[in-house]
Structures are given as C-alpha cells and as structure tokens.
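Chemist: I am sharing target.cif, which consists of mmCIF, C-alpha atoms:
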data_entry
#
loop_
_atom_site.label_atom_id
_atom_site.label_comp_id
_atom_site.auth_asym_id
_atom_site.auth_seq_id
_atom_site.Cartn_x
_atom_site.Cartn_y
_atom_site.Cartn_z
CA MET A 1 -19.86 0.10 10.35
CA GLU A 2 -18.30 -3.34 10.70
CA PHE A 3 -19.25 -4.75 7.30
CA SER A 4 -16.34 -6.70 5.85
CA GLY A 5 -15.68 -7.98 2.38
CA GLY A 6 -14.57 -11.50 1.50
CA GLY A 7 -11.72 -10.77 -1.01
CA THR A 8 -10.04 -7.92 0.92
CA GLY A 9 -7.49 -10.12 2.62
CA GLY A 10 -8.41 -11.05 6.16
CA GLY A 11 -11.79 -9.44 6.65
CA VAL A 12 -10.89 -5.74 6.39
CA THR A 13 -13.99 -3.72 7.19
CA LEU A 14 -15.45 -1.09 4.92
CA SER A 15 -14.80 1.54 7.60
CA GLU A 16 -11.11 0.57 7.81
CA MET A 17 -10.73 0.75 4.05
CA TYR A 18 -12.39 4.17 4.03
CA GLN A 19 -10.10 5.49 6.79
CA SER A 20 -7.05 4.18 4.93
CA ALA A 21 -8.22 5.92 1.76
CA ARG A 22 -8.79 9.20 3.64
CA ARG A 23 -5.28 9.06 5.11
CA LEU A 24 -3.82 8.44 1.67
CA LEU A 25 -5.87 11.34 0.28
CA LEU A 26 -4.50 13.74 2.93
CA SER A 27 -0.97 12.56 2.18
CA ALA A 28 -1.54 13.02 -1.57
CA ARG A 29 -2.83 16.55 -1.01
CA ASP A 30 0.27 17.39 0.98
CA GLY A 31 2.35 15.88 -1.83
CA VAL A 32 0.67 18.06 -4.46
CA ALA A 33 1.29 21.15 -2.32
CA ARG A 34 4.93 20.10 -1.95
CA VAL A 35 5.24 19.63 -5.71
CA GLU A 36 3.93 23.16 -6.27
CA ARG A 37 6.34 24.60 -3.68
CA LEU A 38 9.32 22.80 -5.20
CA ALA A 39 8.37 23.90 -8.70
CA SER A 40 8.13 27.54 -7.65
CA ALA A 41 11.26 27.52 -5.44
CA PRO A 42 13.99 29.99 -6.53
CA THR A 43 17.24 28.66 -7.96
CA SER A 44 20.66 29.26 -6.49
CA SER A 45 23.06 29.05 -9.40
CA SER A 46 26.56 30.15 -10.19
CA TYR A 47 25.43 31.36 -13.58
CA SER A 48 24.94 35.01 -14.32
CA SER A 49 21.50 36.59 -14.19
CA SER A 50 21.36 36.55 -17.99
CA THR A 51 21.58 32.74 -18.07
CA PRO A 52 18.13 31.15 -18.71
CA PHE A 53 17.45 28.56 -16.01
CA VAL A 54 14.49 26.76 -14.49
CA GLY A 55 13.92 26.81 -10.73
CA GLY A 56 16.34 24.48 -9.02
CA GLY A 57 13.62 23.30 -6.66
CA ALA A 58 11.99 21.62 -9.66
CA ALA A 59 14.74 18.99 -9.64
CA GLY A 60 12.92 17.13 -6.86
CA VAL A 61 9.46 17.45 -8.48
CA PRO A 62 9.46 14.16 -10.47
CA ALA A 63 10.21 12.02 -7.39
CA VAL A 64 7.53 13.72 -5.28
CA ALA A 65 5.02 13.60 -8.16
CA GLU A 66 5.71 9.88 -8.60
CA GLU A 67 4.94 9.22 -4.92
CA VAL A 68 1.72 11.21 -5.18
CA ARG A 69 0.65 9.25 -8.27
CA LYS A 70 1.24 5.98 -6.43
CA GLU A 71 -0.97 7.19 -3.55
CA VAL A 72 -3.66 8.29 -6.00
CA ALA A 73 -3.59 4.85 -7.64
CA GLN A 74 -3.92 3.17 -4.22
CA ILE A 75 -6.91 5.37 -3.36
CA GLN A 76 -8.58 4.56 -6.68
CA THR A 77 -8.08 0.84 -6.03
CA LEU A 78 -9.63 1.19 -2.55
CA CYS A 79 -12.55 3.13 -4.04
CA ALA A 80 -13.16 0.31 -6.52
CA GLN A 81 -13.15 -2.25 -3.69
CA MET A 82 -15.42 -0.11 -1.50
CA ASP A 83 -17.77 0.43 -4.44
CA ARG A 84 -18.18 -3.35 -4.62
CA LEU A 85 -18.64 -3.71 -0.86
CA TRP A 86 -21.26 -1.03 -0.20
CA ARG A 87 -23.54 -2.61 -2.80
CA SER A 88 -23.65 -5.77 -0.63
CA ILE A 89 -24.87 -3.94 2.51
CA PRO A 90 -28.42 -5.18 3.26
CA ASN A 91 -29.58 -2.06 5.13
CA LYS A 92 -30.73 0.59 2.64
CA GLY A 93 -29.90 3.54 4.90
CA GLN A 94 -26.34 2.33 5.50
CA ARG A 95 -25.98 1.44 1.82
CA ASP A 96 -26.99 4.96 0.70
CA LEU A 97 -24.66 6.52 3.30
CA TRP A 98 -21.64 4.54 2.11
CA LYS A 99 -22.54 5.18 -1.50
CA ARG A 100 -22.33 8.95 -0.90
CA LYS A 101 -19.06 8.58 1.03
CA VAL A 102 -17.37 6.48 -1.65
CA GLU A 103 -18.61 8.71 -4.48
CA GLN A 104 -17.38 11.84 -2.68
CA LEU A 105 -13.98 10.23 -2.08
CA SER A 106 -13.75 9.21 -5.74
CA GLU A 107 -14.56 12.76 -6.85
CA GLU A 108 -11.90 14.19 -4.53
CA VAL A 109 -9.18 11.84 -5.74
CA ASP A 110 -10.14 12.48 -9.39
CA SER A 111 -9.88 16.23 -8.78
CA LEU A 112 -6.49 15.73 -7.12
CA LYS A 113 -5.26 13.65 -10.07
CA GLU A 114 -6.41 16.33 -12.52
CA THR A 115 -4.52 18.97 -10.51
CA LEU A 116 -1.37 16.86 -10.59
CA ASP A 117 -1.74 16.23 -14.33
CA ARG A 118 -2.17 19.94 -15.04
CA HIS A 119 0.88 20.72 -12.96
CA SER A 120 2.92 18.07 -14.81
CA LEU A 121 1.94 19.57 -18.15
CA ARG A 122 2.85 23.07 -16.98
CA GLN A 123 6.17 21.78 -15.65
CA GLN A 124 6.97 20.06 -18.92
CA LYS A 125 6.07 23.21 -20.82
CA ARG A 126 8.38 25.28 -18.58
CA ILE A 127 11.20 22.78 -19.09
CA LEU A 128 10.81 22.86 -22.87
CA GLU A 129 10.66 26.65 -22.92
CA ALA A 130 13.74 26.91 -20.72
CA LYS A 131 15.55 24.37 -22.90
CA GLU A 132 14.76 26.42 -25.99
CA ARG A 133 16.07 29.55 -24.27
CA ALA A 134 19.22 27.69 -23.27
CA GLU A 135 19.75 26.51 -26.83
CA LEU A 136 19.40 30.09 -28.07
CA PHE A 137 21.83 31.24 -25.41
CA GLU A 138 24.27 28.48 -26.38
CA ARG A 139 24.24 29.68 -29.97
CA ALA A 140 25.06 33.17 -28.65
CA ASN A 141 27.96 31.81 -26.55
CA GLY A 142 29.15 28.31 -25.80
CA GLU A 143 28.85 28.45 -22.02
CA SER A 144 25.48 26.81 -21.44
CA SER A 145 26.22 23.14 -22.21
CA HIS A 146 25.98 22.26 -18.53
CA VAL A 147 22.58 23.93 -18.28
CA LEU A 148 21.35 21.90 -21.24
CA ARG A 149 22.45 18.67 -19.55
CA ILE A 150 20.46 19.68 -16.48
CA PHE A 151 17.39 20.30 -18.64
CA ASP A 152 17.84 16.96 -20.40
CA ASP A 153 18.10 15.11 -17.10
CA GLU A 154 15.00 16.82 -15.77
CA ALA A 155 13.04 16.20 -18.97
CA GLN A 156 13.99 12.52 -18.82
CA ALA A 157 12.90 12.35 -15.18
CA MET A 158 9.54 13.92 -16.05
CA GLN A 159 9.10 11.49 -18.94
CA SER A 160 9.89 8.59 -16.62
CA ALA A 161 7.32 9.89 -14.12
CA ARG A 162 4.66 10.09 -16.86
CA SER A 163 5.51 6.56 -18.02
CA SER A 164 5.16 5.29 -14.44
CA SER A 165 1.85 7.12 -14.16
CA ARG A 166 0.54 5.38 -17.28
CA MET A 167 1.63 2.02 -15.89
CA LEU A 168 -0.14 2.71 -12.59
CA GLU A 169 -3.31 3.76 -14.42
CA GLU A 170 -3.24 0.59 -16.51
CA ALA A 171 -2.74 -1.52 -13.36
CA TYR A 172 -5.66 0.30 -11.71
CA GLU A 173 -7.94 -0.28 -14.71
CA THR A 174 -6.97 -3.95 -14.75
CA GLY A 175 -7.75 -4.26 -11.02
CA VAL A 176 -11.14 -2.58 -11.47
CA ALA A 177 -11.98 -4.91 -14.38
CA ILE A 178 -11.06 -7.96 -12.26
CA LEU A 179 -13.20 -6.74 -9.34
CA HIS A 180 -16.17 -6.15 -11.66
CA LYS A 181 -15.67 -9.62 -13.13
CA TYR A 182 -15.72 -11.15 -9.65
CA ALA A 183 -18.89 -9.21 -8.80
CA ASP A 184 -20.59 -10.45 -12.00
CA GLN A 185 -19.56 -14.04 -11.25
CA ARG A 186 -20.95 -13.75 -7.74
CA ASP A 187 -24.29 -12.48 -9.10
CA ARG A 188 -24.43 -15.33 -11.62
CA LEU A 189 -23.68 -17.88 -8.89
CA LYS A 190 -26.46 -16.44 -6.72
CA SER A 191 -28.88 -16.62 -9.64
CA ALA A 192 -27.90 -20.23 -10.36
CA GLN A 193 -28.33 -21.08 -6.67
CA ARG A 194 -31.84 -19.61 -6.65
CA LYS A 195 -32.75 -21.57 -9.79
CA ALA A 196 -31.39 -24.78 -8.28
CA LEU A 197 -33.46 -24.22 -5.12
CA ASP A 198 -36.56 -23.58 -7.25
CA ILE A 199 -35.95 -26.82 -9.17
CA LEU A 200 -35.45 -28.77 -5.95
CA ASN A 201 -38.66 -27.33 -4.51
CA THR A 202 -40.52 -28.22 -7.72
CA VAL A 203 -39.14 -31.77 -7.69
CA GLY A 204 -40.09 -32.16 -4.04
CA LEU A 205 -43.66 -31.01 -4.77
CA SER A 206 -43.91 -33.37 -7.75
CA ASN A 207 -42.83 -36.34 -5.62
CA SER A 208 -45.45 -35.49 -3.01
CA VAL A 209 -48.18 -35.30 -5.68
CA LEU A 210 -47.08 -38.65 -7.20
CA LYS A 211 -47.14 -40.33 -3.79
CA LEU A 212 -50.63 -38.94 -3.13
CA ILE A 213 -51.87 -40.19 -6.53
CA GLU A 214 -50.42 -43.67 -5.92
CA ARG A 215 -52.02 -43.82 -2.49
CA ARG A 216 -55.40 -42.75 -3.96
CA HIS A 217 -55.05 -45.31 -6.73
CA ARG A 218 -54.48 -48.11 -4.21
CA VAL A 219 -57.53 -46.99 -2.20
CA ASP A 220 -59.69 -46.86 -5.34
CA LYS A 221 -58.49 -50.34 -6.31
CA TRP A 222 -59.46 -51.79 -2.91
CA ILE A 223 -62.81 -50.01 -3.07
CA ALA A 224 -63.43 -51.58 -6.49
CA TYR A 225 -62.47 -55.03 -5.21
CA ALA A 226 -64.70 -54.61 -2.18
CA GLY A 227 -67.56 -53.49 -4.41
CA MET A 228 -67.16 -56.55 -6.61
CA VAL A 229 -67.11 -58.91 -3.61
CA ILE A 230 -70.22 -57.25 -2.10
CA THR A 231 -72.02 -57.47 -5.44
CA ILE A 232 -71.20 -61.18 -5.79
CA VAL A 233 -72.34 -61.86 -2.19
CA VAL A 234 -75.61 -59.97 -2.76
CA MET A 235 -76.26 -61.91 -5.99
CA ILE A 236 -75.62 -65.23 -4.24
CA VAL A 237 -77.91 -64.34 -1.36
CA PHE A 238 -80.62 -63.14 -3.73
CA TRP A 239 -80.33 -66.29 -5.84
CA ARG A 240 -80.75 -68.56 -2.79
CA LEU A 241 -83.74 -66.62 -1.56
CA THR A 242 -85.46 -66.92 -4.90
CA HIS A 243 -84.87 -70.68 -5.25
#
Translate the structure of the given file into structure tokens.
Modeler:
Amino acid sequence: MEFSGGGTGGGVTLSEMYQSARRLLLSARDGVARVERLASAPTSSSYSSSTPFVGGGAAGVPAVAEEVRKEVAQIQTLCAQMDRLWRSIPNKGQRDLWKRKVEQLSEEVDSLKETLDRHSLRQQKRILEAKERAELFERANGESSHVLRIFDDEAQAMQSARSSSRMLEEAYETGVAILHKYADQRDRLKSAQRKALDILNTVGLSNSVLKLIERRHRVDKWIAYAGMVITIVVMIVFWRLTH
C-alpha cells in the first residue's frame, strides 16, 4: 500500500506509518514487561529482615515507565494520523482493510496503556503502604530515617512520571484535535470547490442560452424586415396591374 498523506512530512506512506507504530508497540510491550520485572525484583539491603522495605528493583520503574508512556503517546499520534489517511483511500476494499488494521492497533495500544496505568497505581499503593510501615517502624526505633528518604524519593519520581504522562496525554489530545480540524477544513474546501464548479457550469450554460436567444432575435428581425419588403413589393405590383 503506497498511499501517502500530505501533512505527514515528506510523503510518508500509510504502510510506513503502520510499521513504525507496530515497532513502537513491540517496544512498549517489552517496556511494560521490564517494568513488572523491576517492580517484583528482590531487594538487597543492609537492613535487617524486620525492616519494612520495598523491592529495590522498583527504583528504576519510573524511568522505564516514562519511556513506555512516551512510546504509547507516539503510537496514539500515529493512529490519529492513520485514521485520517485511510478515510482518503478511494478503493473501498483497501479502505476497509486499513480501517480494521488501525482500529486493532488502537485497541492494542489502549490495552497496553491501561495495563501500565494499573501497574502505576499498584506501585504507588505499595510505596504508600511501605512508607506507612516505615513510619511505624521509625516510631518503634529511630533507625529507619534513611528508608523513609528512599520512599520519599521514589514517591516523588512516581509523581513526576504521572505528571509527565498527563502532559503527554494533553499533547496527544491537542494533536488529535488539530488533525480533525484540518480534516474538517479539507472537507469544507472540497465542498466549496464543488459549489464553485456548479456555479461556473451554470453561468456557462446561461451565457450559451443568451447567445442563442440573441441570434434567434436577429434572425426574427431580418425575417420581419424581409416580410415587410415583400409585402410592399407585392402591393406595388398589384397596384400597377390594377391601374
């Protein structure tokens, strides 16, 4: 499929955009799996076994989750662009095929985003629970201040990741709105073009009819003049014959 869209920066084809989105989707899936592995990784700590602590592998979760969210946002942007492009395909069979492909890709990336969001909520819940345990432990003895700092740093990192996610989602929604606006403007321009062509055709037909009427009027005028001349000649001839 070599259909290309005019606003994709240099004639990128629909197939190329789809392949790029699929590669990003595979990378995002790997990222989600990596997030889950890091979150469940055991912790090596110098604290005693009675010290409440969250898995040390979770320290790298916010950075990996942030990368995955960026890839998800890129895929959603590509899906919005492809959704605009497949609607312009003239062949119905190809149009239906690309519609199914783009819809399936959108469903997959939405499911992946929901999985990542659920994981983020679970991770935040675990951090808060562990922080509460650490606070209880600190009240029992004053040796867990370092653990609390670790929890605070991780909670701040998770909050930063969620803030970045919201910003990416807002940027995605803005991009989709702009693409829809461009599509609406293109449809309005096409409609105006068709109306202009109809008006031009109507004006052209009216001019042809006016020219035909003027030509007929001139012919009728000459016929009338000729009739008057013939009548006068006949009257003169008749008058001479009778006198």
Chemist: Would you translate the PyMOL selection byres ((chain A and resi 34) around 12) into the concrete set of residues it matches in this file, as a JSON list (two decimals) with C-alpha atoms, in the frame of the given file?
Modeler:
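And here is the file that came out, out_30.json:
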[["chain", "number", "residue", "atom", "x", "y", "z"],
["A", 27, "SER", "CA", -0.97, 12.56, 2.18],
["A", 28, "ALA", "CA", -1.54, 13.02, -1.57],
["A", 29, "ARG", "CA", -2.83, 16.55, -1.01],
["A", 30, "ASP", "CA", 0.27, 17.39, 0.98],
["A", 31, "GLY", "CA", 2.35, 15.88, -1.83],
["A", 32, "VAL", "CA", 0.67, 18.06, -4.46],
["A", 33, "ALA", "CA", 1.29, 21.15, -2.32],
["A", 35, "VAL", "CA", 5.24, 19.63, -5.71],
["A", 36, "GLU", "CA", 3.93, 23.16, -6.27],
["A", 37, "ARG", "CA", 6.34, 24.60, -3.68],
["A", 38, "LEU", "CA", 9.32, 22.80, -5.20],
["A", 39, "ALA", "CA", 8.37, 23.90, -8.70],
["A", 40, "SER", "CA", 8.13, 27.54, -7.65],
["A", 41, "ALA", "CA", 11.26, 27.52, -5.44],
["A", 57, "GLY", "CA", 13.62, 23.30, -6.66],
["A", 58, "ALA", "CA", 11.99, 21.62, -9.66],
["A", 60, "GLY", "CA", 12.92, 17.13, -6.86],
["A", 61, "VAL", "CA", 9.46, 17.45, -8.48],
["A", 62, "PRO", "CA", 9.46, 14.16, -10.47],
["A", 63, "ALA", "CA", 10.21, 12.02, -7.39],
["A", 64, "VAL", "CA", 7.53, 13.72, -5.28],
["A", 65, "ALA", "CA", 5.02, 13.60, -8.16],
["A", 67, "GLU", "CA", 4.94, 9.22, -4.92],
["A", 68, "VAL", "CA", 1.72, 11.21, -5.18],
["A", 116, "LEU", "CA", -1.37, 16.86, -10.59],
["A", 119, "HIS", "CA", 0.88, 20.72, -12.96]]
Chemist: Counting all atoms listed in the file, which of A:Arg100, A:Lys190, A:Lys70, A:Arg118 gets nearest to Asp83 in chain A?
Modeler: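 Comparing A:Arg100, A:Lys190, A:Lys70, A:Arg118 against Asp83 in chain A, the winner is A:Arg100.
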Chemist: Which one of A:Trp239, A:Phe137, A:Gly227, A:Lys113 sits closest to Glu169 in chain A if you count only C-alpha atoms?
Modeler: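 Of A:Trp239, A:Phe137, A:Gly227, A:Lys113, the one nearest Glu169 in chain A is A:Lys113, counting only C-alpha atoms.
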Chemist: If I take CA of Glu114 in chain A and CA of Leu128 in chain A, how far is one from the other in Å, to one decimal?
Modeler: 21.1 Å
Chemist: Point out the residue among A:Ala224, A:Ser191, A:Leu14, A:Thr242 with the least atom-to-atom distance to Ile89 in chain A, counting all atoms listed in the file.
Modeler: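 Comparing A:Ala224, A:Ser191, A:Leu14, A:Thr242 against Ile89 in chain A, the winner is A:Leu14.
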Chemist: Please measure the separation of CA of Arg166 in chain A and CA of Arg69 in chain A, giving the value in Å to one decimal.
Modeler: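 Taking CA of Arg166 in chain A and CA of Arg69 in chain A, their separation equals 9.8 Å.
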Chemist: Mind checking which residues fall within 8 Å of range 149-158 of chain A, counting only C-alpha atoms, ignoring those fewer than 6 positions away in the same chain, and posting them as a PyMOL selection string?
Modeler: chain A and resi 59+62+120+124+127+130-131
Chemist: Generate a file of the selected residues that holds C-alpha atoms, formatted as an mmCIF file, keeping the file's coordinate frame.
Modeler:
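Final output, again-v7.cif:
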data_model
loop_
_atom_site.group_PDB
_atom_site.id
_atom_site.type_symbol
_atom_site.label_atom_id
_atom_site.label_comp_id
_atom_site.auth_asym_id
_atom_site.auth_seq_id
_atom_site.Cartn_x
_atom_site.Cartn_y
_atom_site.Cartn_z
ATOM 1 C CA ALA A 59 14.740 18.990 -9.640
ATOM 2 C CA PRO A 62 9.460 14.160 -10.470
ATOM 3 C CA SER A 120 2.920 18.070 -14.810
ATOM 4 C CA GLN A 124 6.970 20.060 -18.920
ATOM 5 C CA ILE A 127 11.200 22.780 -19.090
ATOM 6 C CA ALA A 130 13.740 26.910 -20.720
ATOM 7 C CA LYS A 131 15.550 24.370 -22.900
#
Chemist: Using only C-alpha atoms, find all polymer residues with an atom at most 8 Å away from the point (-8.4, 11.7, -1.5); report them as a PyMOL selection string.
Modeler: chain A and resi 21-26+28-29+72+75+105-106+108-109+112
Chemist: Just the number, please: distance in Å from CA of Ile199 in chain A to CA of Pro90 in chain A, one decimal.
Modeler: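 Separating CA of Ile199 in chain A from CA of Pro90 in chain A is a distance of 26.1 Å.
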Chemist: Ranking A:His180, A:Arg240, A:Arg194, A:Arg215 by minimum distance to Ala80 in chain A and counting only C-alpha atoms, which one comes first?
Modeler: A:His180
Chemist: So, with only C-alpha atoms as the atoms that count, which of A:Ile230, A:Arg188, A:Glu66, A:Glu71 lies closest to Ala161 in chain A?
Modeler: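 Of all the options, A:Glu66 lies closest to Ala161 in chain A.
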Chemist: If you apply the PyMOL selection byres ((chain A and resi 86) around 8) to this file, what residues do you get, as a short mmCIF file (atom, residue, chain, number, x, y, z; two decimals) with C-alpha atoms, in the coordinates of the input?
Modeler:
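Once written, part-v9.cif looks like this:
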data_model
loop_
_atom_site.label_atom_id
_atom_site.label_comp_id
_atom_site.auth_asym_id
_atom_site.auth_seq_id
_atom_site.Cartn_x
_atom_site.Cartn_y
_atom_site.Cartn_z
CA LEU A 14 -15.45 -1.09 4.92
CA MET A 82 -15.42 -0.11 -1.50
CA ASP A 83 -17.77 0.43 -4.44
CA ARG A 84 -18.18 -3.35 -4.62
CA LEU A 85 -18.64 -3.71 -0.86
CA ARG A 87 -23.54 -2.61 -2.80
CA SER A 88 -23.65 -5.77 -0.63
CA ILE A 89 -24.87 -3.94 2.51
CA ARG A 95 -25.98 1.44 1.82
CA TRP A 98 -21.64 4.54 2.11
CA LYS A 99 -22.54 5.18 -1.50
#
